[in-house]
Amino acid sequence: MQRPSGPSWPIYYFDIVHDYPGMGGVVEFSRILFRQLAAHYQQRLVSVRAFTAALGCAHDDMLYLDRERKVAEILAGIEPNAVFFFPNFQSPVARQPNAAGPAIINVIHDLQFAFLPDLFSPERRSWLHQTFAETKRNADRIVFISRSTKQDFIDLFGKPRRCSVIYNPIETHPVADLSDAATNEAPFLLASFHHHPHKNFPALLELFAALLALKPDVRLVVTGHGQERLAENLATLPDVVRSAIRHLGYVSRGELDALYRRADAFITVSRFEGFNMSAAEAACHGTPLILSDLPVHRELFGPDACLVDLTDSSARSAERVAAYLESRPRRTNWRFRSQCEPSSVRESYVRVIDACRPAAR
């Protein structure tokens, strides 16, 4: 393997996760942050994916975290004076008692396994618990993407050695003036996220069916991967409900931004979130929000959003949502929009990385 030229403390960015797009929001976060950090550090920032073949780790059938662990262990022996940046929770390189070896930074997005145990096997939960505990031992600094995630981690594992809270970078693009056709279209709610179990699609469709009975003109537009699973959910609904739902699949960034701008509200009743990138994108466009009542939703969006209690019946939740829509919620400037500007997020991460370089430890 040819070592990169440049400073004596390169920053190895473990972008291996980019080869696994099914992981959703973590991949989007990592791609945006990598571009931002590359603009600042230039050749000092090294893509680990670029070295996987040279290290004998470019196996298509290798699980993401297994591949990441193998690469990290090899690189630690080659580059002991580097910074290892993991955009996800695994920190597989043991921390040396004398602080020798690479400086390690981890980003922790959520601890879903501990709060939705029904979605994980006992073996998987046990493995994840051990891996998060390992990260607490190994990482020189942990970055949490929300205060809620930080508190969840502390409650389960205790306070890390050093930690920060940095909200996720949110990319949006200007949207041209809406056409007359767009402004005159039927009112619709936008659900923009992939069909993962914690997103709670069956409950979303049940809520929408109850809302449609109260507001027959409302429509639901769904984007994201998972059309086959959504079709299974739709098959259980009456024809009148199915005809009011449109699934667009994966859409381009520009089309998605236009949908955010045209929607009467963004809606999700997810069971757990560490940040919620889709809701933040909607908030950056000023789109009214209908969200499940979760700690992180209260933290980030609480003052302006309609929060739905997941323990309520769909009929009662629909009444709450209908009243919110009848009040004609206005588009607002999200209070965390400037903090989530990619350039602002980059500056926050640069401070973290520079404080962790080997000479600063």
# chains A, B, ... in the order shown; residues from 1 in each chain; ligands from 1
>>> select_by_dssp(residues="stretch 54-208 of chain A", states="strand (DSSP E)", output="ChimeraX atom specification")
/A:83-86,103-108,141-144,163-165,188-192
>>> residues_around(residues="A:Lys159", least_positions_apart="4", cutoff="12 Å", atoms="only C-alpha atoms", output="ChimeraX atom specification")
/A:133,135-137,141-142,144,150-155,163-164
>>> select_by_dssp(residues="stretch 5-251 of chain A", states="helix (DSSP H, G or I)", output="ChimeraX atom specification")
/A:15-19,21-23,25-44,48-51,64-78,112-115,117-119,122-138,147-157,180-183,197-199,201-214,227-234,239-242
>>> residues_around(residues="A:Ala305", least_positions_apart="5", cutoff="10 Å", atoms="only C-alpha atoms", output="PyMOL selection string")
chain A and resi 265-267+283+287-293+297-298+300+324+329
>>> write_last_selection(atoms="N, CA and C atoms", output="PDB file, in the first residue's frame")
ATOM      1  N   ALA A 265     -47.785  19.877   4.424  1.00  0.00           N
ATOM      2  CA  ALA A 265     -47.038  19.519   5.632  1.00  0.00           C
ATOM      3  C   ALA A 265     -46.218  18.271   5.343  1.00  0.00           C
ATOM      4  N   PHE A 266     -45.144  18.116   6.072  1.00  0.00           N
ATOM      5  CA  PHE A 266     -44.366  16.878   6.098  1.00  0.00           C
ATOM      6  C   PHE A 266     -44.889  16.037   7.253  1.00  0.00           C
ATOM      7  N   ILE A 267     -44.978  14.708   7.050  1.00  0.00           N
ATOM      8  CA  ILE A 267     -45.542  13.866   8.106  1.00  0.00           C
ATOM      9  C   ILE A 267     -44.697  12.611   8.316  1.00  0.00           C
ATOM     10  N   ALA A 283     -37.946  21.173   7.387  1.00  0.00           N
ATOM     11  CA  ALA A 283     -37.896  22.369   8.227  1.00  0.00           C
ATOM     12  C   ALA A 283     -37.061  23.467   7.578  1.00  0.00           C
ATOM     13  N   THR A 287     -41.436  23.996   5.724  1.00  0.00           N
ATOM     14  CA  THR A 287     -42.635  23.175   5.604  1.00  0.00           C
ATOM     15  C   THR A 287     -43.208  22.848   6.980  1.00  0.00           C
ATOM     16  N   PRO A 288     -44.492  23.029   7.212  1.00  0.00           N
ATOM     17  CA  PRO A 288     -45.102  22.604   8.486  1.00  0.00           C
ATOM     18  C   PRO A 288     -44.855  21.120   8.739  1.00  0.00           C
ATOM     19  N   LEU A 289     -44.746  20.755  10.006  1.00  0.00           N
ATOM     20  CA  LEU A 289     -44.335  19.406  10.377  1.00  0.00           C
ATOM     21  C   LEU A 289     -45.388  18.716  11.229  1.00  0.00           C
ATOM     22  N   ILE A 290     -45.684  17.467  10.876  1.00  0.00           N
ATOM     23  CA  ILE A 290     -46.520  16.581  11.697  1.00  0.00           C
ATOM     24  C   ILE A 290     -45.635  15.404  12.074  1.00  0.00           C
ATOM     25  N   LEU A 291     -45.297  15.292  13.353  1.00  0.00           N
ATOM     26  CA  LEU A 291     -44.274  14.346  13.789  1.00  0.00           C
ATOM     27  C   LEU A 291     -44.748  13.542  14.987  1.00  0.00           C
ATOM     28  N   SER A 292     -44.196  12.353  15.126  1.00  0.00           N
ATOM     29  CA  SER A 292     -44.428  11.587  16.349  1.00  0.00           C
ATOM     30  C   SER A 292     -43.771  12.322  17.517  1.00  0.00           C
ATOM     31  N   ASP A 293     -44.389  12.181  18.679  1.00  0.00           N
ATOM     32  CA  ASP A 293     -43.897  12.887  19.869  1.00  0.00           C
ATOM     33  C   ASP A 293     -42.718  12.102  20.458  1.00  0.00           C
ATOM     34  N   HIS A 297     -37.625  14.980  18.445  1.00  0.00           N
ATOM     35  CA  HIS A 297     -38.534  15.862  17.717  1.00  0.00           C
ATOM     36  C   HIS A 297     -38.890  17.077  18.555  1.00  0.00           C
ATOM     37  N   ARG A 298     -39.045  16.874  19.853  1.00  0.00           N
ATOM     38  CA  ARG A 298     -39.289  18.035  20.725  1.00  0.00           C
ATOM     39  C   ARG A 298     -38.066  18.934  20.764  1.00  0.00           C
ATOM     40  N   LEU A 300     -35.671  19.394  18.469  1.00  0.00           N
ATOM     41  CA  LEU A 300     -35.345  20.086  17.232  1.00  0.00           C
ATOM     42  C   LEU A 300     -36.500  20.894  16.648  1.00  0.00           C
ATOM     43  N   TYR A 324     -54.747  20.895  13.235  1.00  0.00           N
ATOM     44  CA  TYR A 324     -53.501  21.585  12.893  1.00  0.00           C
ATOM     45  C   TYR A 324     -53.546  22.108  11.459  1.00  0.00           C
ATOM     46  N   PRO A 329     -51.137  26.252   9.202  1.00  0.00           N
ATOM     47  CA  PRO A 329     -49.818  26.580   9.761  1.00  0.00           C
ATOM     48  C   PRO A 329     -48.944  27.269   8.721  1.00  0.00           C
TER      49      PRO A 329
END
>>> residues_around(residues="A:Leu212", least_positions_apart="2", cutoff="12 Å", atoms="only C-alpha atoms", output="list in words")
Pro187, Phe188, Leu189, Leu205, Glu206, Leu207, Phe208, Ala209, Ala210, Leu214, Lys215, Pro216, Asp217, Val218, Arg219, Leu220, Pro238, Val240, Val241, Arg242, Ser243, Ala244, Ile245, Ser314, Ala315, Ala318, Glu319, Val321 and Ala322 of chain A
